[in-house]
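Input: a single structure, listed below in structure tokens.
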4 protein chains.
Amino acid sequence: MAGSQTALREANRATVLDTIRRYGGLTQVELAAATSLSAATVSSIVRELQGAGAVDVRTTVRNGRRALLVTVLHRTGLVVGVRIGTRHMAMTLADSAQEVLVEQTLPLPHEHRADTSLDRAALLIVELLERVGSSPEELLGIGIGVPAPVDVATGTISVPGILRGWDDVPVGEVMSRRLGVPVFVDNDANLGALAESRLGAARHFQDSVYVRVSHGTGAGVVLGHQLHRGFAGTAGEIGHVQVDASGAVCLCGSRGCLNTVVGVPALIDVLRASRGPLSLRDIVTLASEGDPGCRQVVEDAGATIGGVVAALAISVNPQCVVVGGELAETGETLLAPLREAIRRRVPLNHIAPLEVVGAELGARAEVMGAVLLALEGTTLLTHRVDHPDRDRVPG
Amino acid sequence: MAGSQTALREANRATVLDTIRRYGGLTQVELAAATSLSAATVSSIVRELQGAGAVDVRTTVRNGRRALLVTVLHRTGLVVGVRIGTRHMAMTLADSAQEVLVEQTLPLPHEHRADTSLDRAALLIVELLERVGSSPEELLGIGIGVPAPVDVATGTISVPGILRGWDDVPVGEVMSRRLGVPVFVDNDANLGALAESRLGAARHFQDSVYVRVSHGTGAGVVLGHQLHRGFAGTAGEIGHVQVDASGAVCLCGSRGCLNTVVGVPALIDVLRASRGPLSLRDIVTLASEGDPGCRQVVEDAGATIGGVVAALAISVNPQCVVVGGELAETGETLLAPLREAIRRRVPLNHIAPLEVVGAELGARAEVMGAVLLALEGTTLLTHRVDHPDRDRVPG
Amino acid sequence: MAGSQTALREANRATVLDTIRRYGGLTQVELAAATSLSAATVSSIVRELQGAGAVDVRTTVRNGRRALLVTVLHRTGLVVGVRIGTRHMAMTLADSAQEVLVEQTLPLPHEHRADTSLDRAALLIVELLERVGSSPEELLGIGIGVPAPVDVATGTISVPGILRGWDDVPVGEVMSRRLGVPVFVDNDANLGALAESRLGAARHFQDSVYVRVSHGTGAGVVLGHQLHRGFAGTAGEIGHVQVDASGAVCLCGSRGCLNTVVGVPALIDVLRASRGPLSLRDIVTLASEGDPGCRQVVEDAGATIGGVVAALAISVNPQCVVVGGELAETGETLLAPLREAIRRRVPLNHIAPLEVVGAELGARAEVMGAVLLALEGTTLLTHRVDHPDRDRVPG
Amino acid sequence: MAGSQTALREANRATVLDTIRRYGGLTQVELAAATSLSAATVSSIVRELQGAGAVDVRTTVRNGRRALLVTVLHRTGLVVGVRIGTRHMAMTLADSAQEVLVEQTLPLPHEHRADTSLDRAALLIVELLERVGSSPEELLGIGIGVPAPVDVATGTISVPGILRGWDDVPVGEVMSRRLGVPVFVDNDANLGALAESRLGAARHFQDSVYVRVSHGTGAGVVLGHQLHRGFAGTAGEIGHVQVDASGAVCLCGSRGCLNTVVGVPALIDVLRASRGPLSLRDIVTLASEGDPGCRQVVEDAGATIGGVVAALAISVNPQCVVVGGELAETGETLLAPLREAIRRRVPLNHIAPLEVVGAELGARAEVMGAVLLALEGTTLLTHRVDHPDRDRVPG
């Protein structure tokens, strides 16, 4: 009985903290409304959290009245992690201890452009800082992930054509000018790799590969606990390895790239005649529910990607391959054939087997990687990224 | 006139030095015989080289008489680099300044075994030390390259079946026990990569890949000026990337590996019906002389290898690919289609083009890499190989 | 002269009979109008047919007046055969001697649903019975063919997704409840096979295969003069044999099924760029008129289908393959490459060649098969379908 | 203690019976020598078996002395089952209750011919009858399985070229003339199917397919508990379904047949470069021991065969696929990818899943099928083979 009361209390505490992170900061009255808990319970939990140093409570004004604003208590120094997707932007505000203060997702228009998207990102950052009761002065830096290879020295996309509307835009510089803090830009798969390597499934391995299977497929390579980006930031861009010599031409200009076969537009095409027009989200849901057509398409994608990852694994001999991205939410449907293809194509060695596992951070991997990137860039965290001579960011 | 006399004298000087290096040490009488120069010319050149600190002259006894033995003057501390091939062993004795004192090649039987080959290597090392007027006491260490992936922590081949007769033999330990010095073992393509990266075509690049095209094809990966071997020492083993899903089974157990298509036995098979049984040496010679069949086979191999190197280049994004190994002696016959395949399949970036060039050290690359490996292991040269925690060598 | 008069008279007699069958029953006045023959000629022919026992003449009332209704004379006991198509329903009322009394076709909406379609079928059956001067009491049973595999034990479609809007509907039970007679349901290709095997091109062979090439392709397998349906009624479903491992996903959930390549939507797609949007009927007409694009598409379909039929023919070794369905109306355009593909892929034997011929019953095969199915089910005709223990029909 | 004595006694009894079956008949002295049991133990066991009606003991003469011959007691009427393989002949003598009296295997020369092989078979039959203390008078009939399609009406191979040296030989007639009893000839996969369907893994299913994966691949189709052979006896000959349109020409004359890809000569070819020349037996052994190359080749064969079996399963919709033949001795190595290929390509139905299981009778399936064939042909057992009008045997 006592146990179940404790469990209930812990669940309520978690609900309150999650709610604060969702909104950044709320008054106790708002917290009660948002969590459906009684004012007394909220008040008691907030007091408890405050005592434990988890939240900060401060006087504010709401609708002309004084109220108590509750925010996650944070260490000095905040950073923002941003992930730019094809149709969404995700943002996380965290402190220097990697404590998440608030998270936010924003839809983006089809074929969005850098200028307007970065404008919206800058406005949202200022708003999030306000919500947690902070201000731009406290912001140390920003990490941004984009679905394209990046020249981290300049914060610019290094291969043209892959993210239309963003070519030749010095993303880091543009954003840095808007908010006056250092901005670090990297490829999204690299950021997922960074996060899984520091906080997730690959944290016990020095050499790992993170494969992100989403609208396109990319990989991040971590060697000796450090991201290996390559000279032009294109390391791990396995979405552009050729798998069909007579296939369709890819955005990058090559022919029959992996992305032309397993990228979401290709999967949608294969399913259109029998399933009608689907989205990536639909495919993930239907495959998870057992629709044989969607399962087959995801399985085939897994096997094809596995063949390409096998070549990458032969090239860099990691200890672990972590598979994330939206399509990985189908679990073993994607993972089993991917793992099997790797098993069959990578020569067995006497030293250590190659593990192939699902990501632990799920949809948050990339945005947490952006947070880590900003923290490492601004506060000289333990782990330094390699090629430091190319890591300068325009101020 | 004066100019041509100077040129002649320089040529003679080079001939004398090369001859000394070929034999290790020679008396002035033997030098005259071996070079076909007059005793007076030899004597004058030796004096000159001695004055420049290039050679050492010392009294010895030949056929019961006193004689002057000329050797390359060396710094304190010698190392031996050894390359084990499928049919040959090459050995170079050098000093701590990477100065080559003597070089030697030895044929090996078909499917030679580790025990007898290492016995022969140990005997030859003692003999070479004698030839240069030195002794085992001066030997600091030995580097050995083998045509298979190596667990450098134990000096053992890490993938079974690839070099028959050498599986499960702790090569480093066995050799170290024979001669009482530390022994460092690595894959031959890794050693070629090390040498080309330090002394050859890739010396101006921090990230490079060395592709060795010989009986089989392998690659060595250099990132941040350091060899990247991977956890089990199999990084760069592109000979085992699948290129034909329904192809022949490879030594490694996978199917349709690159080596099953462009390995020398496969090339010989393709040529047998029209050209009879050829050796790798024959193919190189005939292709260089313009035989259309051999040229075509080498060109096709180049294109196929280029496709696989493209995937490797996408995976690690190096600045430079260096192509060596015996088949690379055909020059552009191999290199042009290999370069073209890479050009077509690696997405263009804004930062820097990927250069694809021939090796500068030629046939000496691997054995010089073995020398460097021994020097770096014993004298803590500037460049340290990565994964130091796995670089311990028994003995 | 006399000959041509006889011929003319016979032609007129056939016209009269066909017209009666088209409408079920007509007065002599209506018959004259419908056939454009004089009242005297009609009267004379009707008298003659009545004398021969072919038609029945009875008093009825039309527009408030007495009139003589002419119908096909039928034996006791009527059955209805129904074929449900993707866009049409065809229906034939026949007597126990397989004599056709009236035929009717009805358009169906795109993606029609079982409930409304079966309602319309029930109403039409009652109407047809009235037209031939009969009533529901005389109805013995109904046979229904659907374009999907059927579990004949329950009269339900056994593979979900293939006929949307009909999944999980106990077709036999629903229909049986409406009209109070036993209803037998089967796959349309099976019914075509039954009809061709009893009355058509395969009637002299004990083992035959009927291939129906229409919106999709399916086959019916007849072994020892009996339909072989398989345990779940899916025997002969060759539209779902894989012909393209990386092809589009099929309604059934597999990938690259024959239907995804030669099904009508696929054919229409292939022709769209050059011919605009066509219907199956257009393709048949254009191919028959010699349009090279349509001919080529039909020929290619024939060759692809032939390859799959070859595997079926190897599996069951029939004596004869009969090809029907709408696309088969193009004759040798479809049949020649289909036959050739079979010839090339089925090993020759010493015993008997495999004959590949066009269907004899044409568009009527399936609906006549439904009539036979109903007759065999209700009157225990000579030939019994196999797996009798699974042939129970509800109701 | 008592239990273990009972177990020991039962084991001894089984050893004695097996030994008798191996030799046909032995004196008690011979039995003791062959089993290494004491004379007393043998004597006691034989008495016990005699009491149980399992063996027959009779006076005979050995080396000029009287001795007691022990044979398996048999019902009246004996039949012989013979399996002709590419390199071996297997023979089983059984009585009308399917009780095995003696089994024998005999090597055959490469490309053996019908006349000499049938001569040897006839001699061996007479010898086996003698060994069990019987005589040709007691022989009712003979069943013979050959690795080629058979016209069972004439006992002749029906597709020329597949079994060289046996074309145009009326096998049944030739053998029948030699021994004066009816002889029934069939394809070996058909006989395996018959045995597994009556006595093995498919005995609870009315419709099943037996796939025999050995030097070549073939299948036997059982529908309604009866073998379906097809008009020319080629039903189930899936080894001749095309899987590679530009593949090698097959013995049957078609191109790229399944057998050209997964037949043993093809597997040996794929393994030769890396594994040296292997036999089918070697491949089975190495794959079972975990050799990755042999495993990969067997797995690939499984997947390829599975694709073809899927088409067969779609064609006839059986409830169960049983996989036998020598390559099936590798267990799940062959079976798992075969099952997976079927799972992915056969549309799911609502009625019953398709089971894919290993054979229960192992290497004995075909020869037991031959015994059953002879018994069914001569003694009108319950199950009759279909197409009785074509089952006449000359004789």
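Following the order of the structure tokens, first chain is A, next is B, and so on, with residues numbered from 1 inside each chain and ligands from 1 in the order they appear.
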
Query raised in the report: Which polymer residues have any atom within 6 Å of an atom of region 106-120 of chain C, counting only C-alpha atoms, with same-chain residues fewer than 4 positions away left out, as a PyMOL selection string?
Result: chain C and resi 87-89+165-166

Query - Residues of chain C within 9 Å of chain D, only C-alpha atoms counted, as a PyMOL selection string - result: chain C and resi 149+151+157-160+206-207+219+221+223-224+228-238+240-242+252-255+257+307-308+310-319+344-352+386-387

**Report entry** Atomic separation - CA of Ser214 (chain B) relative to CA of Gly325 (chain B), Å
**Finding:** 5.1 Å

Filtered DSSP result for region 145-346 of chain A, state strand (DSSP E or B), as a PDB file with N, CA and C atoms, in the first residue's frame:
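Contents of states34.pdb, as written:
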ATOM      1  N   GLY A 145      21.673  20.579 -36.222  1.00  0.00           N
ATOM      2  CA  GLY A 145      21.837  19.417 -37.086  1.00  0.00           C
ATOM      3  C   GLY A 145      21.002  19.579 -38.343  1.00  0.00           C
ATOM      4  N   VAL A 146      21.605  19.277 -39.487  1.00  0.00           N
ATOM      5  CA  VAL A 146      20.869  19.360 -40.760  1.00  0.00           C
ATOM      6  C   VAL A 146      21.001  18.039 -41.511  1.00  0.00           C
ATOM      7  N   VAL A 150      28.049  18.486 -43.733  1.00  0.00           N
ATOM      8  CA  VAL A 150      28.368  19.850 -43.347  1.00  0.00           C
ATOM      9  C   VAL A 150      29.881  20.039 -43.259  1.00  0.00           C
ATOM     10  N   ASP A 151      30.349  21.172 -43.737  1.00  0.00           N
ATOM     11  CA  ASP A 151      31.726  21.582 -43.487  1.00  0.00           C
ATOM     12  C   ASP A 151      31.715  22.286 -42.136  1.00  0.00           C
ATOM     13  N   THR A 156      28.636  25.272 -43.168  1.00  0.00           N
ATOM     14  CA  THR A 156      27.927  25.308 -44.451  1.00  0.00           C
ATOM     15  C   THR A 156      27.755  23.888 -44.964  1.00  0.00           C
ATOM     16  N   ILE A 157      26.644  23.646 -45.656  1.00  0.00           N
ATOM     17  CA  ILE A 157      26.448  22.332 -46.256  1.00  0.00           C
ATOM     18  C   ILE A 157      27.498  22.143 -47.343  1.00  0.00           C
ATOM     19  N   VAL A 183      27.799  29.229 -32.918  1.00  0.00           N
ATOM     20  CA  VAL A 183      26.862  28.231 -33.440  1.00  0.00           C
ATOM     21  C   VAL A 183      27.665  27.129 -34.113  1.00  0.00           C
ATOM     22  N   PHE A 184      27.328  25.901 -33.787  1.00  0.00           N
ATOM     23  CA  PHE A 184      28.026  24.739 -34.322  1.00  0.00           C
ATOM     24  C   PHE A 184      27.047  23.931 -35.154  1.00  0.00           C
ATOM     25  N   VAL A 185      27.447  23.650 -36.381  1.00  0.00           N
ATOM     26  CA  VAL A 185      26.530  22.967 -37.288  1.00  0.00           C
ATOM     27  C   VAL A 185      27.132  21.619 -37.661  1.00  0.00           C
ATOM     28  N   ASP A 186      26.298  20.610 -37.758  1.00  0.00           N
ATOM     29  CA  ASP A 186      26.785  19.305 -38.186  1.00  0.00           C
ATOM     30  C   ASP A 186      25.645  18.534 -38.840  1.00  0.00           C
ATOM     31  N   ASN A 187      26.039  17.464 -39.448  1.00  0.00           N
ATOM     32  CA  ASN A 187      25.095  16.557 -40.078  1.00  0.00           C
ATOM     33  C   ASN A 187      24.263  15.841 -39.008  1.00  0.00           C
ATOM     34  N   SER A 208      32.291   3.160 -32.987  1.00  0.00           N
ATOM     35  CA  SER A 208      30.927   2.746 -33.310  1.00  0.00           C
ATOM     36  C   SER A 208      30.427   3.496 -34.536  1.00  0.00           C
ATOM     37  N   VAL A 209      29.364   2.951 -35.104  1.00  0.00           N
ATOM     38  CA  VAL A 209      28.730   3.578 -36.261  1.00  0.00           C
ATOM     39  C   VAL A 209      27.257   3.727 -35.931  1.00  0.00           C
ATOM     40  N   TYR A 210      26.710   4.899 -36.169  1.00  0.00           N
ATOM     41  CA  TYR A 210      25.282   5.120 -35.968  1.00  0.00           C
ATOM     42  C   TYR A 210      24.642   5.258 -37.345  1.00  0.00           C
ATOM     43  N   VAL A 211      23.665   4.419 -37.613  1.00  0.00           N
ATOM     44  CA  VAL A 211      22.979   4.462 -38.906  1.00  0.00           C
ATOM     45  C   VAL A 211      21.598   5.056 -38.680  1.00  0.00           C
ATOM     46  N   ARG A 212      21.317   6.126 -39.370  1.00  0.00           N
ATOM     47  CA  ARG A 212      20.034   6.807 -39.222  1.00  0.00           C
ATOM     48  C   ARG A 212      19.189   6.513 -40.463  1.00  0.00           C
ATOM     49  N   VAL A 213      18.075   5.794 -40.248  1.00  0.00           N
ATOM     50  CA  VAL A 213      17.220   5.392 -41.361  1.00  0.00           C
ATOM     51  C   VAL A 213      15.927   6.193 -41.280  1.00  0.00           C
ATOM     52  N   THR A 217      18.971   7.773 -45.705  1.00  0.00           N
ATOM     53  CA  THR A 217      19.802   7.006 -44.782  1.00  0.00           C
ATOM     54  C   THR A 217      21.197   7.620 -44.740  1.00  0.00           C
ATOM     55  N   GLY A 218      21.705   7.815 -43.536  1.00  0.00           N
ATOM     56  CA  GLY A 218      23.061   8.322 -43.370  1.00  0.00           C
ATOM     57  C   GLY A 218      23.677   7.651 -42.172  1.00  0.00           C
ATOM     58  N   ALA A 219      24.970   7.861 -41.993  1.00  0.00           N
ATOM     59  CA  ALA A 219      25.629   7.262 -40.841  1.00  0.00           C
ATOM     60  C   ALA A 219      26.586   8.264 -40.231  1.00  0.00           C
ATOM     61  N   GLY A 220      26.820   8.115 -38.940  1.00  0.00           N
ATOM     62  CA  GLY A 220      27.843   8.872 -38.238  1.00  0.00           C
ATOM     63  C   GLY A 220      28.876   7.882 -37.739  1.00  0.00           C
ATOM     64  N   VAL A 221      30.155   8.246 -37.870  1.00  0.00           N
ATOM     65  CA  VAL A 221      31.245   7.338 -37.529  1.00  0.00           C
ATOM     66  C   VAL A 221      31.973   7.884 -36.297  1.00  0.00           C
ATOM     67  N   VAL A 222      32.046   7.076 -35.262  1.00  0.00           N
ATOM     68  CA  VAL A 222      32.746   7.481 -34.038  1.00  0.00           C
ATOM     69  C   VAL A 222      33.956   6.573 -33.857  1.00  0.00           C
ATOM     70  N   LEU A 223      35.142   7.157 -33.864  1.00  0.00           N
ATOM     71  CA  LEU A 223      36.370   6.377 -33.715  1.00  0.00           C
ATOM     72  C   LEU A 223      37.129   6.899 -32.502  1.00  0.00           C
ATOM     73  N   GLN A 226      35.514   9.683 -30.636  1.00  0.00           N
ATOM     74  CA  GLN A 226      35.367  10.982 -31.287  1.00  0.00           C
ATOM     75  C   GLN A 226      34.631  10.829 -32.616  1.00  0.00           C
ATOM     76  N   LEU A 227      33.819  11.805 -32.963  1.00  0.00           N
ATOM     77  CA  LEU A 227      33.188  11.827 -34.278  1.00  0.00           C
ATOM     78  C   LEU A 227      34.269  11.911 -35.336  1.00  0.00           C
ATOM     79  N   HIS A 228      34.186  11.031 -36.333  1.00  0.00           N
ATOM     80  CA  HIS A 228      35.071  11.186 -37.489  1.00  0.00           C
ATOM     81  C   HIS A 228      34.238  11.764 -38.630  1.00  0.00           C
ATOM     82  N   GLN A 242      26.528   3.610 -54.143  1.00  0.00           N
ATOM     83  CA  GLN A 242      25.737   3.063 -55.247  1.00  0.00           C
ATOM     84  C   GLN A 242      25.293   1.628 -54.973  1.00  0.00           C
ATOM     85  N   VAL A 249      18.709   8.707 -60.813  1.00  0.00           N
ATOM     86  CA  VAL A 249      19.725   9.677 -60.409  1.00  0.00           C
ATOM     87  C   VAL A 249      19.318  10.292 -59.075  1.00  0.00           C
ATOM     88  N   ARG A 255      24.212   7.943 -59.526  1.00  0.00           N
ATOM     89  CA  ARG A 255      23.112   7.116 -59.984  1.00  0.00           C
ATOM     90  C   ARG A 255      22.927   5.897 -59.079  1.00  0.00           C
ATOM     91  N   CYS A 257      22.052   5.557 -56.019  1.00  0.00           N
ATOM     92  CA  CYS A 257      22.491   5.639 -54.627  1.00  0.00           C
ATOM     93  C   CYS A 257      21.517   4.875 -53.725  1.00  0.00           C
ATOM     94  N   CYS A 320      30.510  -1.756 -32.830  1.00  0.00           N
ATOM     95  CA  CYS A 320      29.061  -1.691 -32.633  1.00  0.00           C
ATOM     96  C   CYS A 320      28.412  -0.843 -33.735  1.00  0.00           C
ATOM     97  N   VAL A 321      27.287  -1.308 -34.240  1.00  0.00           N
ATOM     98  CA  VAL A 321      26.468  -0.520 -35.160  1.00  0.00           C
ATOM     99  C   VAL A 321      25.144  -0.237 -34.450  1.00  0.00           C
ATOM    100  N   VAL A 322      24.800   1.027 -34.313  1.00  0.00           N
ATOM    101  CA  VAL A 322      23.549   1.421 -33.681  1.00  0.00           C
ATOM    102  C   VAL A 322      22.604   1.907 -34.781  1.00  0.00           C
ATOM    103  N   VAL A 323      21.378   1.420 -34.772  1.00  0.00           N
ATOM    104  CA  VAL A 323      20.435   1.770 -35.836  1.00  0.00           C
ATOM    105  C   VAL A 323      19.309   2.627 -35.261  1.00  0.00           C
ATOM    106  N   GLY A 324      19.185   3.846 -35.766  1.00  0.00           N
ATOM    107  CA  GLY A 324      18.129   4.747 -35.315  1.00  0.00           C
ATOM    108  C   GLY A 324      17.377   5.363 -36.490  1.00  0.00           C
TER     109      GLY A 324
END

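Note that the spacing between CA of Thr15 (chain D) and CA of Val29 (chain D) amounts to 15.0 Å.
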